[in-house]
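Written out below as structure tokens is the structure these notes cover.
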Amino acid sequence: MSETLLEVRNLTRTFDMSKPWLNRVLERDGKRFLRAVDRVSFTIRKGETFALVGESGSGKSTIAKMVVGLLPSSSGEILFDGAPIGTGEGAAMRAMRSRFQMIFQSPFASLNPRWKVRDIVAEPIIAFDMVQNRQAQAARVAELLELVGLSASDGSKYPHEFSGGQRQRIAIARALSSNPEFIVCDEPTSALDVSVQAQILNLMRDLQDELGLTYLFISHDLSVVRHMANRIGVLYLGALVENAQARGLFEDPQHPYTQMLLDAVPDVDMTDREREEVIGEIPNPISPPDGCVFHPRCVKAFDRCRVEAPAMVATQYGEAKCFAAENVRKAGS
Amino acid sequence: MTDHPLLSVKNLTVQFPSRGAMLTAVDDVSFDLARGEVLGLVGESGAGKSMTGAAIIGLIEAPGRITGGSISLEGKRIDNLSSAEMRQVRGRRIGMVFQDPLTSLNPLFTIAEQLVETIRVHLPMSAREARERAIGLLNEVGIPAASQRIDDYPHQFSGGMRQRVVIALALAAEPELVIADEPTTALDVSVQAQIIDVLKKLCSERNASVILITHDMGVIAETADRVAVMYAGRLAEIGPVRSVIKDALHPYTKGLMGSIPSLTSTDDRLVQIPGSMPRLNNIPEGCAFNPRCDQVFARCTKARPELMHSGNREVSCWLYDDAASEATA
Amino acid sequence: MAQQGEDIDCMEMIKRFVDSDLVYKFNRSPVAIIALAVTVLLIGGAVLAPFVTSQNPFDPASLNLMNGFSKPMEPNQFTGDTFIFGADDQGRDVYATILYGMRISLFVGFAAVLFAMVLGVSLGLLSGFIGGRTDVIIMRIADIQLTFPAILVALLIFGIAKGITPPSMRDEIAIWVLIIAIGLSDWVQFARVVRGATLVEKSKEYVQAARLIGRSSFVIMIRHILPNTLSPVLVIATISLALAIIAEATLSFLGVGAPPTQPSLGTLIRIGQGFLFSGEWWILFFPAITLLALALSVNLLGDWLRDALNPKLK
């Protein structure tokens with residue numbers, strides 16, 4: 001087993017959703033908080049891809065932003081190679097920043113439309129003083145563009161001259177330009193067409209093999225995650241409900257929510273597999289249900305689920321936060 | 001009963017002017033739709049699938065317009081109707097479900113007001129009857145406590161519930177045809193599954209035909225009877241959904257199917273089609289797919305393949321030109 | 001070698017520009033073409049005034065009082081000189097006074113817009129980017145200023161400046177006071193638009209990408225956000241130019257603007273109206289028509305630019 005690169009412990013983020021002060025006073029309303037991320041813990045080992053999946057409001061993008069230091073956490077710890085990641089400045093933080101990068105969801109919003117591609121790709125190189133002179137910088141940019149499947153001459157163009165897939169390649173080139181070890185990918189293909197998505201996913205896997213990258217892969221799409229990840233964390237209403245080895249998670253999901261998500265994925269291969277109907281909708285995160293937050297939609301729910309929140313229990317392929325999984329475990333042992 | 005198919009699209013061409021040139025967004029598209037049939041119209045962005053749907057309901061935005069071909073509903077042309085006549089067809093005979101439920105619902109009126117108005121415009125009913133019918137519809141699309149929630153405004157519903165309301169609205173006047181343009185794209189996967197189920201169930205109960213426009217082959221696999229694959233404004237392949245998915249003929253369809261990551265495949269690498277779809281001002285000569293095709297030969301770069309029969313399907317690819325292969329044999 | 005590379009870049013930029021949608025739309029808009037032609041003609045005439053006129057109307061040595069009140073296009077009965085737009089009471093060529101007057105009008109207009117733009121863009125950028133208390137303070141000042149008509153603000157500033165400067169310097173600094181007065185009454189628009197655009201851009205992912213690698217707020221504001229807020233600024237600057245020229249003319253007409261030693265179009269109109277009822281209509285008429293043509297064509301150009309840059313704004 002290889003060593004841990006990223007460790008996240010009890011990461012929590014709350015947002016203040018209160019009305020303005022005057023309205024609160026007039027309407028005799030209290031402050032309201034939204035717990036977008038609720039005591040999430042996971043570790044990522046060097047060279048692996050850890051995926052976080054969840055539907056909208058599951059907190060996956062909030063976690064991504066906290067991990068790279070774009071958003072401060074409310075509590076909990078994020079350790080990158082043993083050292084805490086903060087949002088602050090300073091030489092140590094600067095050195096650490098060059099070691100992780102991020103690929104964003106929208107290839108349209110993630111590139112400055114007024115900058116030439118070569119300036120976009122070179123920005124991290126300049127920010128971290130990684131080259132001595134302009135020739136070296138130009139050579140590095142050309143090398144990066146070719147690495148992601150573009151040509152060096154594309155550097156003198158502007159982003160709007162490229163298709164969505166090519167833009168995402170530019171974004172990947174920028175992310176690679178500071179020689180990072182760890183890349184957070186926030187829904188990197190959800191804005192792309194499926195044939196272009198295949199190109200980008202293949203590219204990301206090739207780069208991982210070639211450069212020994214570690215990925216935190218955020219997605220709502222289970223089939224994409226299955227294709228990319230070694231281990232998967234499933235988020236529901238800001239909390240991890242299951243965290244398991246990828247193959248095991250798909251073969252034998254322990255948490256009923258994971259099962260529901262898997263059943264909801266359209267059966268594109270027309271295998272006519274057995275599936276349960278999806279029940280209900282995601283509740284309002286400002287006032288989540290008591291007990292296990294999933295119990296109103298759970299087919300396996302029993303009395304205990306309505307009053308007591310389950311803790312993570314070990315399962316065959318990882319861990320799950322469910323009393324039913326706990327019972328299976330007890331019966332099995 | 002007539003022997004006409006419910007909907008018949010023949011050689012439909014939609015163009016719009018841009019900087020002096022005419023860009024062709026839908027190029028010579030033909031298909032028929034039987035009563036009660038669900039046809040999936042699938043393609044990547046820019047393939048012309050939404051434009052085809054817009055042409056059928058007469059909602060192409062100027063300066064774009066239909067420049068060729070015909071669209072017939074039960075044998076009667078509807079592509080040359082006046083806008084007043086088309087309004088009679090739209091809503092009454094053809095229902096619509098769009099991607100974003102918020103654009104189909106007026107935020108200033110309650111669900112009840114919108115449903116009752118739609119029903120009464122098209123069907124001879126009193127306000128009370130229409131309201132009862134509206135509540136019935138909301139129950140059918142699976143809105144809990146419909147009789148109370150009917151007086152709520154659209155923003156008081158969740159995204160999935162709103163799309164259910166839109167489906168109720170589309171079905172309010174018992175249309176024969178429903179055009180659903182990316183009805184689940186804006187929704188989470190678990191909600192998507194629910195919406196697909198509702199749409200499928202209600203249309204089959206009413207024997208209404210559906211044209212389901214989407215980029216998501218998975219949704220097509222779940223819902224459609226037949227599927228038409230579009231590429232650069234043209235039809236690449238059309239046939240029964242199971243055949244097209246399991247055994248694609250057109251090289252583009254093959255590539256498209258291979259590029260979809262699935263829950264069951266175990267391959268490490270996805271099949272990838274090199275390059276990207278051409279822009280409308282730069283469509284290659286001959287077959288539009290030829291620069292990206294791994295089975296391209298001389299004929300593909302010169303002549304454009306029309307739809308030709310191959311087994312239970314039609315496909316526009318020179319590989320399946322029986323006349324030519326017989327001649328060489 | 002490097003020089004050559006830059007040459008190619010420059011050529012390419014010109015090619016890009018000629019090829020752009022903006023030029024394409026321009027070539028298809030007769031209104032824009034005429035407006036641009038009139039604007040270029042007027043500005044060109046003002047810039048080249050010494051070369052396209054036969055006299056400097058503010059150099060007493062070049063004037064002949066005998067030419068006073070010459071009618072347009074008619075030879076003067078005493079000197080035989082012909083003035084295309086006639087001459088005023090001092091024998092100044094109205095055509096020349098217009099071109100020289102337009103120099104003052106345009107200088108004040110451009111300088112005031114530049115001042116308003118720099119002030120407004122900086123404050124808008126800070127307000128949108130920093131947010132919080134800074135935003136509230138800047139935007140409340142803007143709101144308060146908007147409750148007064150711009151001309152009133154300009155008059156106020158003009159009055160204050162007059163009060164604190166020694167009388168001997170008044171004529172010298174009058175132009176600069178005018179620029180500041182008009183500029184200060186006009187920055188709010190720039191600030192509002194830039195603040196709005198900054199709020200939009202700030203949340204985009206390219207800004208997060210720059211934050212991620214530790215770029216400073218200053219670099220992000222100037223290098224990333226500012227260039228993306230400039231197209232609406234260009235539109236407002238053009239329309240503001242027309243407004244600033246009119247504001248200058250108004251102030252000068254009221255007698256608080258450009259001094260008679262450096263008359264602008266507004267000053268010329270003020271002087272000219274004194275002769276209107278004695279029959280010397282041309283002294284008023286031609287400067288007024290020029291002001292109208294200038295303001296209208298610049299304004300039309302601004303309108304066109306707004307539509308061309310953002311079709312959604314229609």
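Residues are referred to by chain and number: the chain letter is A, B, ... according to the order shown in the structure tokens, the number counts from 1 in that chain, and ligands are numbered separately from 1 in the order shown.
If you take only C-alpha atoms and a cut-off of 7 Å, the residues of chain C that reach chain A are Lys204, Glu205, Tyr206, Leu212, Ile213, Gly214, Arg215, His224, Pro227 and Asn228 of chain C.
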Take the residues just selected and output them with C-alpha atoms as a compact mmCIF listing (two decimals), in the first residue's frame.
# COMPACT_ATOMS: atom_id res chain seq x y z
CA LYS C 204 -16.02 32.81 -12.89
CA GLU C 205 -13.68 29.87 -12.76
CA TYR C 206 -10.74 31.56 -14.44
CA LEU C 212 -5.55 28.91 -6.67
CA ILE C 213 -1.98 29.63 -7.73
CA GLY C 214 -1.78 32.46 -5.25
CA ARG C 215 -2.00 35.47 -7.54
CA HIS C 224 -7.93 39.26 -15.29
CA PRO C 227 -10.01 43.56 -19.54
CA ASN C 228 -13.28 41.67 -19.34
Check: What's the 9 Å shell around Arg45 of chain A, counting only C-alpha atoms, without same-chain residues fewer than 3 positions away, as a list in words?
Finding: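 Here the qualifying residues turn out to be Met1, Ser2, Glu3, Thr4, Leu5, Leu6, Glu7, Glu48, Thr49, Phe50 and Thr214 of chain A.
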For the residues selected in the previous step, produce a file with all heavy atoms as an mmCIF file, in the first residue's frame.
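This is the output file result.cif:
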data_model
loop_
_atom_site.group_PDB
_atom_site.id
_atom_site.type_symbol
_atom_site.label_atom_id
_atom_site.label_comp_id
_atom_site.auth_asym_id
_atom_site.auth_seq_id
_atom_site.Cartn_x
_atom_site.Cartn_y
_atom_site.Cartn_z
ATOM 1 N N MET A 1 0.843 -1.207 0.000
ATOM 2 C CA MET A 1 0.000 0.000 0.000
ATOM 3 C C MET A 1 0.876 1.255 0.000
ATOM 4 O O MET A 1 1.832 1.358 0.747
ATOM 5 C CB MET A 1 -0.888 -0.008 1.239
ATOM 6 C CG MET A 1 -2.071 0.935 1.118
ATOM 7 S SD MET A 1 -3.242 0.674 2.433
ATOM 8 C CE MET A 1 -4.149 -0.738 1.853
ATOM 9 N N SER A 2 0.555 2.175 -0.896
ATOM 10 C CA SER A 2 1.415 3.360 -0.989
ATOM 11 C C SER A 2 1.006 4.403 0.053
ATOM 12 O O SER A 2 0.007 4.260 0.740
ATOM 13 C CB SER A 2 1.345 3.936 -2.392
ATOM 14 O OG SER A 2 0.007 4.280 -2.681
ATOM 15 N N GLU A 3 1.802 5.444 0.138
ATOM 16 C CA GLU A 3 1.579 6.388 1.235
ATOM 17 C C GLU A 3 0.452 7.365 0.928
ATOM 18 O O GLU A 3 0.073 7.586 -0.214
ATOM 19 C CB GLU A 3 2.871 7.145 1.515
ATOM 20 C CG GLU A 3 3.447 7.780 0.277
ATOM 21 C CD GLU A 3 4.772 8.450 0.552
ATOM 22 O OE1 GLU A 3 4.813 9.238 1.503
ATOM 23 O OE2 GLU A 3 5.734 8.205 -0.179
ATOM 24 N N THR A 4 -0.047 7.955 2.004
ATOM 25 C CA THR A 4 -1.158 8.886 1.908
ATOM 26 C C THR A 4 -0.682 10.234 1.392
ATOM 27 O O THR A 4 0.331 10.753 1.856
ATOM 28 C CB THR A 4 -1.773 9.073 3.309
ATOM 29 O OG1 THR A 4 -2.236 7.800 3.739
ATOM 30 C CG2 THR A 4 -2.910 10.047 3.280
ATOM 31 N N LEU A 5 -1.415 10.804 0.416
ATOM 32 C CA LEU A 5 -1.070 12.135 -0.066
ATOM 33 C C LEU A 5 -1.977 13.189 0.545
ATOM 34 O O LEU A 5 -1.546 14.243 0.972
ATOM 35 C CB LEU A 5 -1.176 12.191 -1.591
ATOM 36 C CG LEU A 5 -0.736 13.512 -2.216
ATOM 37 C CD1 LEU A 5 0.752 13.754 -1.970
ATOM 38 C CD2 LEU A 5 -1.022 13.521 -3.705
ATOM 39 N N LEU A 6 -3.266 12.860 0.605
ATOM 40 C CA LEU A 6 -4.212 13.828 1.154
ATOM 41 C C LEU A 6 -5.050 13.155 2.226
ATOM 42 O O LEU A 6 -5.536 12.044 2.029
ATOM 43 C CB LEU A 6 -5.139 14.357 0.056
ATOM 44 C CG LEU A 6 -6.078 15.473 0.535
ATOM 45 C CD1 LEU A 6 -5.404 16.824 0.435
ATOM 46 C CD2 LEU A 6 -7.373 15.473 -0.240
ATOM 47 N N GLU A 7 -5.170 13.848 3.333
ATOM 48 C CA GLU A 7 -6.025 13.314 4.383
ATOM 49 C C GLU A 7 -7.015 14.389 4.809
ATOM 50 O O GLU A 7 -6.625 15.515 5.113
ATOM 51 C CB GLU A 7 -5.177 12.875 5.579
ATOM 52 C CG GLU A 7 -6.028 12.233 6.648
ATOM 53 C CD GLU A 7 -5.218 11.566 7.746
ATOM 54 O OE1 GLU A 7 -3.985 11.698 7.730
ATOM 55 O OE2 GLU A 7 -5.835 10.941 8.620
ATOM 56 N N GLU A 48 -3.461 7.319 -6.851
ATOM 57 C CA GLU A 48 -4.805 6.777 -7.075
ATOM 58 C C GLU A 48 -5.797 7.879 -7.449
ATOM 59 O O GLU A 48 -5.501 9.064 -7.360
ATOM 60 C CB GLU A 48 -5.304 6.016 -5.840
ATOM 61 C CG GLU A 48 -5.788 6.890 -4.712
ATOM 62 C CD GLU A 48 -6.547 6.105 -3.646
ATOM 63 O OE1 GLU A 48 -6.786 4.896 -3.824
ATOM 64 O OE2 GLU A 48 -6.903 6.702 -2.624
ATOM 65 N N THR A 49 -6.967 7.448 -7.896
ATOM 66 C CA THR A 49 -8.051 8.379 -8.158
ATOM 67 C C THR A 49 -9.153 8.105 -7.157
ATOM 68 O O THR A 49 -9.688 7.000 -7.101
ATOM 69 C CB THR A 49 -8.613 8.194 -9.579
ATOM 70 O OG1 THR A 49 -7.558 8.401 -10.506
ATOM 71 C CG2 THR A 49 -9.723 9.187 -9.859
ATOM 72 N N PHE A 50 -9.431 9.130 -6.356
ATOM 73 C CA PHE A 50 -10.538 9.015 -5.418
ATOM 74 C C PHE A 50 -11.672 9.864 -5.962
ATOM 75 O O PHE A 50 -11.474 11.022 -6.324
ATOM 76 C CB PHE A 50 -10.112 9.512 -4.035
ATOM 77 C CG PHE A 50 -11.215 9.451 -3.011
ATOM 78 C CD1 PHE A 50 -11.620 8.235 -2.480
ATOM 79 C CD2 PHE A 50 -11.851 10.614 -2.586
ATOM 80 C CE1 PHE A 50 -12.642 8.180 -1.539
ATOM 81 C CE2 PHE A 50 -12.870 10.556 -1.640
ATOM 82 C CZ PHE A 50 -13.259 9.336 -1.119
ATOM 83 N N THR A 214 -2.112 12.126 -8.879
ATOM 84 C CA THR A 214 -3.175 11.675 -7.984
ATOM 85 C C THR A 214 -4.383 12.560 -8.255
ATOM 86 O O THR A 214 -4.236 13.772 -8.368
ATOM 87 C CB THR A 214 -2.733 11.845 -6.515
ATOM 88 O OG1 THR A 214 -1.487 11.182 -6.354
ATOM 89 C CG2 THR A 214 -3.759 11.296 -5.565
#
Counting only C-alpha atoms, the residue among C:Phe17, C:Leu106, C:Leu22, C:Met117 that lies closest to chain B is C:Leu22
Can you pull out the residues contacting His250 of chain B? Cut-off 9 Å, using only C-alpha atoms, and skip same-chain residues under 4 positions away; I want them as number ranges by chain. B: 236-237, 254-255, 315-317, 319-320
_Using DSSP assignments from the backbone, pull out every residue in segment 145-213 of chain B that falls under strand (DSSP E) and give it to me as an NGL selection string._
:B and (177-181 or 209-213)
query = Quick one: residues within 12 Å of Val200 of chain C, only C-alpha atoms counted, chain neighbours fewer than 2 positions away excluded, as a ChimeraX atom specification?
reply = /A:109 /C:125,128-129,193-198,202-207,225-226,228-229
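When only C-alpha atoms are used to compute distances to Arg211 of chain C, the closest of the residues A:Leu71, A:Leu144, A:Leu52, A:Lys46 turns out to be A:Leu71.
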Next item on the list: Find the residue from B:Ile179, B:Ile143, B:Met86, B:Val296 that sits nearest to Gly280 of chain A; use only C-alpha atoms when measuring.
Entry: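 When distances to Gly280 of chain A are compared using only C-alpha atoms, the smallest one comes from B:Ile143.
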Using only C-alpha atoms, find the residues of chain A whose closest atom to chain B is at most 10 Å away, then write them as a short mmCIF file (atom, residue, chain, number, x, y, z; two decimals) with C-alpha atoms, in the first residue's frame.
data_model
loop_
_atom_site.label_atom_id
_atom_site.label_comp_id
_atom_site.auth_asym_id
_atom_site.auth_seq_id
_atom_site.Cartn_x
_atom_site.Cartn_y
_atom_site.Cartn_z
CA GLY A 54 -23.38 12.96 -5.30
CA GLU A 55 -26.35 14.84 -6.65
CA SER A 56 -26.81 18.60 -6.53
CA SER A 163 -14.28 23.81 -29.20
CA GLY A 164 -15.34 22.81 -25.69
CA GLY A 165 -13.14 19.72 -25.67
CA GLN A 166 -10.09 21.62 -26.88
CA LEU A 192 -18.93 18.21 -22.80
CA ASP A 193 -20.54 16.01 -25.40
CA VAL A 194 -20.12 12.30 -24.83
CA SER A 195 -17.62 11.63 -27.65
CA VAL A 196 -15.51 14.56 -26.44
CA GLN A 197 -15.88 13.36 -22.86
CA ALA A 198 -14.29 10.08 -23.91
CA GLN A 199 -11.31 11.96 -25.35
CA ILE A 200 -10.83 13.97 -22.17
CA LEU A 201 -11.23 11.00 -19.81
CA ASN A 202 -8.73 8.96 -21.84
CA LEU A 203 -6.32 11.90 -21.81
CA ARG A 205 -5.90 8.57 -17.52
CA ASP A 206 -2.91 8.69 -19.86
CA HIS A 220 -22.47 13.34 -10.50
CA ASP A 221 -22.12 10.63 -13.13
CA LEU A 222 -21.62 7.15 -11.76
CA SER A 223 -20.61 5.61 -15.07
CA VAL A 224 -17.84 8.19 -15.51
CA VAL A 225 -16.72 7.61 -11.95
CA ARG A 226 -16.65 3.88 -12.46
CA HIS A 227 -14.40 4.41 -15.42
CA MET A 228 -11.98 6.70 -13.59
CA PHE A 250 -20.61 -1.19 -7.96
CA GLU A 251 -20.91 -4.91 -7.35
CA MET A 260 -30.73 3.92 -5.44
CA LEU A 261 -28.21 5.97 -7.40
CA LEU A 262 -27.01 2.89 -9.25
CA ASP A 263 -30.58 1.91 -10.09
CA ALA A 264 -31.29 5.39 -11.41
CA VAL A 265 -28.48 5.29 -13.97
CA PRO A 266 -30.03 4.68 -17.37
CA ASP A 267 -29.30 1.23 -18.71
CA VAL A 268 -27.48 2.22 -21.88
CA ASP A 269 -26.29 -1.34 -22.56
CA MET A 270 -29.91 -2.57 -22.41
CA THR A 271 -29.00 -5.39 -20.08
CA ASP A 272 -32.51 -5.30 -18.59
CA GLU A 277 -37.85 2.69 -8.44
CA VAL A 278 -36.45 5.90 -7.00
CA ILE A 279 -38.49 7.17 -4.06
CA GLY A 280 -38.97 10.82 -3.11
CA GLU A 281 -36.63 13.74 -3.54
CA ILE A 282 -33.64 15.24 -1.74
CA PRO A 283 -34.99 17.08 1.35
CA ASN A 284 -34.34 20.74 2.06
#
